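*Asks:* The structure that follows is given in the form of structure tokens.
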Amino acid sequence: MKYYSTNNHKHQVGLSEAVIKGLATDNGLYMPERIPVLPNDLIEKMSEMSFREIGYAVIGALFSEDLSEKQIKELVDHTLSFDAPLVQVEEEIYSLELFHGPTLAFKDFGARFCSNLMSMLVKEKSKTLRVLVATSGDTGSAVANGFLGVEGVEVIILFPKGKVSKLQEKQFTTLGQNITALEVEGVFDDCQTLVKQAFLDRELNEKLMLTSANSINIARWIPQCLYYFYAYSRLPKNEKKVVFSVPSGNFGNIGAGILAQQMGLPIAQFVAATNVNKVVPEYLHGSPFQAKPSIPTLSNSMDVGNPSNFPRLLALYGGDEKRFRENVKGYFYTDEETVEAIQAIQPRGYTLDPHGAVGYLGLKDFMAENPGYVGVFLETAHPGKFRDVVEEALGEELILPERLAAFLEGEKKVIPMGKSFDEFKGFLEGLV
Ligand SMILES: *Cc1c(COP(=O)(O)O)cnc(C)c1O
């Protein structure tokens with residue numbers, strides 16, 4: 001399979017380059033040049049298949065030109081090492097719980113797939129791959145845990161000192177093994193600048209194989225389509241049309257759902273639900289796309305004013321904006337509405353996190369306006385991950401899942417780092 005750049009259809013590369021480079025040299029996002037369509041009877045049969053069996057079929061269709069059957073099996077098994085249960089919350093409304101992985105957020109799926117695929121692709125090169133990640137929280141923990149113990153790959157995480165929540169910090173500073181955390185004397189932008197400078201430094205790139213594993217990498221993006229197939233297969237069989245509501249920030253997750261739809265999964269409609277960072281809902285209502293500075297909210301993993309996957313969404317519709325706006329409906333919600341949703345659903349025995357709450361609200365509004373649907377919203381994080389917000393909304397203490405509580409006990413290990421590039425470069429050169 002070739003992957004083209006969203007900035008230039010003629011700029012095409014193979015799998016290995018697309019994954020190790022991450023971003024195309026013209027700054028475009030990579031897209032598969034062809035989207036394979038699965039036969040209907042296979043999709044029908046998925047209701048009797050396990051999550052992993054579904055994974056082999058879907059990943060096989062996308063990657064069999066480049067990977068062996070054994071590699072595909074290993075990738076899927078490594079990625080789907082935890083479940084994604086579909087839980088009924090109300091009549092015709094289901095929550096797809098994507099928070100059962102090591103860091104309790106859906107990014108675990110993409111991070112695990114990406115780490116395993118990178119490890120396979122560098123084995124042939126017999127050189128250590130260094131993954132540089134600047135993080136303000138969640139990305140660092142998902143990437144670190146996804147890459148933990150993966151052969152041939154070392155992860156270096158840069159985070160701003162004192163600017164990351166204690167729990168998030170613990171999730172990437174206590175791991176050890178092939179994960180190193182650098183505590184940078186500065187803010188997130190300083191971390192990001194250091195990483196960008198490292199990628200541009202010719203000397204450094206001659207000595208070390210560096211990559212970014214950021215969220216626009218196809219190896220993080222594509223595997224997210226798997227849980228749409230799985231969720232669909234677990235819905236009760238009836239005549240109702242299916243709508244998926246996706247709480248969105250950078251719009252990678254919903255894009256992977258649209259990919260699943262184009263691979264033949266009969267999803268009738270998508271809802272893009274956001275907080276007040278509502279650039280895409282406004283676009284879907286007919287405005288031109290207009291990036292804005294981000295606004296802090298309670299659902300802070302979606303505080304994105306310039307969604308990086310937007311060009312990828314346009315590419316999926318071949319640039320046809322009318323089709324895009326028909327297939328995806330946009331809704332946005334304030335923090336008050338988010339808190340009210342968490343409170344309203346609790347008596348039914350379900351606890352939402354602030355991101356899932358936004359997805360739930362979008363689904364409810366869409367279904368009120370459009371009868372005849374069965375709906376699934378993606379619950380993208382465990383409520384315990386946003387403990388302060390949820391406890392304040394509900395006025396009661398949450399019980400943290402064991403794997404989250406376990407992180408709090410680990411010992412923090414970091415290397416202090418200034419914000420000068422020379423110091424960072426010196427550190428990287430010392431790794432050779
Ligand atoms: C990253 C994230 C999102 C947003 O996903 P995108 O793919 O960026 O749209 C939503 N919820 C949670 C909990 C996240 O961590």
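Identifiers for the structure tokens are assigned positionally: chains receive A, B, ... in sequence, residues are indexed from 1 per chain, and ligands are indexed from 1 in the order shown.
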Could you list, as an NGL selection string, every residue within 6 Å of stretch 382-394 of chain A, counting only C-alpha atoms and ignoring same-chain residues fewer than 4 positions away?

*Replies:* :A and (99 or 104 or 339 or 352-353 or 400)

*Asks:* Which chains and residue numbers are within 7 Å of ligand 1, counting only C-alpha atoms and all ligand atoms, if I want them as a ChimeraX atom specification?

*Replies:* /A:105-107,138,247-254,301-302,355,380-381

*Asks:* Excluding A:Gln224 and its own-chain neighbours fewer than 5 positions away, which residues fall within 8 Å of it when counting only C-alpha atoms? Please give them as a PyMOL selection string.

*Replies:* chain A and resi 109-110+253+256-257

*Asks:* Take the residues that were just selected and, keeping C-alpha atoms, output them as an mmCIF file, in the first residue's frame.

*Replies:*
data_model
loop_
_atom_site.group_PDB
_atom_site.id
_atom_site.type_symbol
_atom_site.label_atom_id
_atom_site.label_comp_id
_atom_site.auth_asym_id
_atom_site.auth_seq_id
_atom_site.Cartn_x
_atom_site.Cartn_y
_atom_site.Cartn_z
ATOM 1 C CA PHE A 109 -5.230 1.554 21.240
ATOM 2 C CA GLY A 110 -3.310 3.770 18.824
ATOM 3 C CA ASN A 253 -10.921 9.255 16.432
ATOM 4 C CA ALA A 256 -11.056 6.495 11.955
ATOM 5 C CA GLY A 257 -14.806 5.866 12.306
#

*Asks:* Could you give me, as a CSV table (one decimal) with all heavy atoms, in the first residue's frame, the residues within 10 Å of A:Gly372, counting only C-alpha atoms and dropping anything in the same chain fewer than 6 positions from it?

*Replies:*
chain,number,residue,atom,x,y,z
A,92,GLU,N,-31.9,2.3,23.4
A,92,GLU,CA,-31.3,2.7,22.1
A,92,GLU,C,-30.0,3.5,22.3
A,92,GLU,O,-29.5,4.1,21.3
A,92,GLU,CB,-32.3,3.5,21.2
A,92,GLU,CG,-33.6,2.9,21.0
A,92,GLU,CD,-33.6,1.5,20.2
A,92,GLU,OE1,-32.5,1.0,20.1
A,92,GLU,OE2,-34.6,1.0,19.8
A,239,GLU,N,-33.8,-3.1,12.5
A,239,GLU,CA,-33.9,-2.3,11.3
A,239,GLU,C,-33.3,-0.9,11.5
A,239,GLU,O,-33.3,-0.2,10.5
A,239,GLU,CB,-35.3,-2.3,10.8
A,239,GLU,CG,-35.9,-3.6,10.4
A,239,GLU,CD,-35.1,-4.3,9.4
A,239,GLU,OE1,-35.0,-3.7,8.3
A,239,GLU,OE2,-34.5,-5.4,9.6
A,240,LYS,N,-33.0,-0.6,12.7
A,240,LYS,CA,-32.7,0.8,13.0
A,240,LYS,C,-31.3,1.2,12.4
A,240,LYS,O,-30.4,0.4,12.2
A,240,LYS,CB,-32.6,1.0,14.5
A,240,LYS,CG,-33.9,0.8,15.2
A,240,LYS,CD,-34.1,1.9,16.2
A,240,LYS,CE,-35.6,2.2,16.4
A,240,LYS,NZ,-36.1,1.7,17.7
A,241,LYS,N,-31.3,2.5,12.0
A,241,LYS,CA,-30.0,3.0,11.4
A,241,LYS,C,-29.1,3.3,12.6
A,241,LYS,O,-29.5,3.6,13.7
A,241,LYS,CB,-30.3,4.3,10.7
A,241,LYS,CG,-31.0,4.2,9.4
A,241,LYS,CD,-31.2,5.5,8.7
A,241,LYS,CE,-32.3,6.3,9.3
A,241,LYS,NZ,-32.7,7.5,8.6
A,242,VAL,N,-27.8,3.3,12.3
A,242,VAL,CA,-26.8,3.4,13.4
A,242,VAL,C,-26.1,4.8,13.3
A,242,VAL,O,-25.6,5.2,12.3
A,242,VAL,CB,-25.8,2.3,13.4
A,242,VAL,CG1,-24.7,2.4,14.4
A,242,VAL,CG2,-26.5,0.9,13.5

*Asks:* Fewer than 4 positions away in the same chain doesn't count, so skip those; otherwise give me all residues within 6 Å of A:Glu379, counting only C-alpha atoms, as number ranges by chain.

*Replies:* A: 96-98, 356

*Asks:* Please produce a file of the residues just selected, as a JSON list (two decimals), in the first residue's frame, where the atoms kept are C-alpha atoms.

*Replies:*
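Final output, saved to selection-v2.json:
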[["chain", "number", "residue", "atom", "x", "y", "z"],
["A", 96, "LEU", "CA", -18.55, 2.15, 23.89],
["A", 97, "GLU", "CA", -16.05, 2.05, 26.76],
["A", 98, "LEU", "CA", -12.60, 2.66, 25.37],
["A", 356, "GLY", "CA", -17.90, 10.98, 27.29]]

*Asks:* Compare A:Phe82, A:Phe51, A:Phe244, A:Phe113 by their minimum atom-to-atom distance to A:Gly101, counting only C-alpha atoms, and give me the closest one.

*Replies:*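 Residue with the minimum atom-to-atom distance to A:Gly101: A:Phe82.
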
*Asks:* Can you pull out every residue within 10 Å of A:Glu326, counting only C-alpha atoms, but drop anything in the same chain fewer than 6 positions away, and send it as a ChimeraX atom specification?

*Replies:* /A:269-270,284-285

*Asks:* Restrict the selected residues to C-alpha atoms and save them as a PDB file, in the first residue's frame.

*Replies:*
ATOM      1  CA  GLN A 269     -24.417   8.924  10.519  1.00  0.00           C
ATOM      2  CA  PHE A 270     -21.697  10.521  12.671  1.00  0.00           C
ATOM      3  CA  LEU A 284     -20.337  21.620   9.692  1.00  0.00           C
ATOM      4  CA  HIS A 285     -23.109  24.191  10.097  1.00  0.00           C
TER       5      HIS A 285
END

*Asks:* Out of A:Asn178, A:Thr135, A:Gln168, A:Thr128, which residue has the shortest atom-to-atom distance to A:Val195 when counting only C-alpha atoms?

*Replies:*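 Residue with the minimum atom-to-atom distance to A:Val195: A:Thr135.
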
*Asks:* Taking into account only C-alpha atoms, which residue in the set A:Leu194, A:Val271, A:Val155, A:Met1 is nearest to A:Lys329?

*Replies:* A:Val271

*Asks:* Skipping near chain neighbours, those fewer than 2 positions away, what residues fall within 8 Å of A:Ala260 using only C-alpha atoms, listed as a list in words?

*Replies:*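 Those residues are Cys225, Leu226, Tyr228, Phe229, Ala256, Gly257, Ile258, Gln262, Met263, Gly264 and Leu265 of chain A.
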
*Asks:* Got a sec to tell me which of stretch 320-427 of chain A DSSP assigns to strand (DSSP E or B), as a list in words?

*Replies:*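 These are the residues in question: Val328, Lys329, Gly330, Tyr331, Phe332, Tyr373, Val374, Gly375, Val376, Phe377, Leu378, Glu379, Ala381, Ile415, Pro416 and Met417 of chain A.
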
*Asks:* Would you save the residues from that selection as a PDB file, in the first residue's frame, using C-alpha atoms?

*Replies:*
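The new file part.pdb reads:
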ATOM      1  CA  VAL A 328     -21.260  14.340  10.073  1.00  0.00           C
ATOM      2  CA  LYS A 329     -23.446  16.570  12.256  1.00  0.00           C
ATOM      3  CA  GLY A 330     -21.738  18.921  14.694  1.00  0.00           C
ATOM      4  CA  TYR A 331     -22.783  19.840  18.246  1.00  0.00           C
ATOM      5  CA  PHE A 332     -20.920  21.677  21.004  1.00  0.00           C
ATOM      6  CA  TYR A 373     -31.727   5.554  15.150  1.00  0.00           C
ATOM      7  CA  VAL A 374     -29.827   3.418  17.588  1.00  0.00           C
ATOM      8  CA  GLY A 375     -26.865   5.363  18.949  1.00  0.00           C
ATOM      9  CA  VAL A 376     -23.411   4.699  20.330  1.00  0.00           C
ATOM     10  CA  PHE A 377     -21.280   7.335  22.047  1.00  0.00           C
ATOM     11  CA  LEU A 378     -17.585   6.766  22.635  1.00  0.00           C
ATOM     12  CA  GLU A 379     -16.592   6.960  26.298  1.00  0.00           C
ATOM     13  CA  ALA A 381     -11.646   8.076  29.304  1.00  0.00           C
ATOM     14  CA  ILE A 415      16.194  13.994  34.299  1.00  0.00           C
ATOM     15  CA  PRO A 416      16.068  17.780  34.802  1.00  0.00           C
ATOM     16  CA  MET A 417      16.514  19.747  31.578  1.00  0.00           C
TER      17      MET A 417
END

*Asks:* Which residues in stretch 41-262 of chain A does DSSP call helix (DSSP H, G or I)? List them as a PyMOL selection string.

*Replies:* chain A and resi 41-48+51-63+69-79+107-123+138-147+166-173+188-200+202-207+218-234+252-262

*Asks:* Using only C-alpha atoms, pick whichever of A:Ala268, A:Pro36, A:Lys425, A:Asp77 has the shortest atom-to-atom distance to A:Ala61.

*Replies:*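 Using only C-alpha atoms, A:Ala61 sits closest to A:Pro36.
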
*Asks:* Taking only C-alpha atoms into account, which of A:Phe172, A:Tyr317, A:Phe289, A:Tyr283 comes nearest A:Gly410?

*Replies:*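 Answer, going by the shortest atom-to-atom distance: A:Phe172.
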
*Asks:* Have a look at A:Leu67, A:Leu29, A:Ala198, A:Val76 and name the one nearest to A:Gly426; count only C-alpha atoms.

*Replies:*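 Once distances to A:Gly426 are computed over only C-alpha atoms, the minimum belongs to A:Ala198.
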
*Asks:* In Å, with one decimal, what is the gap from atom CA of A:Glu206 to atom CA of A:Gly149?

*Replies:* 25.3 Å
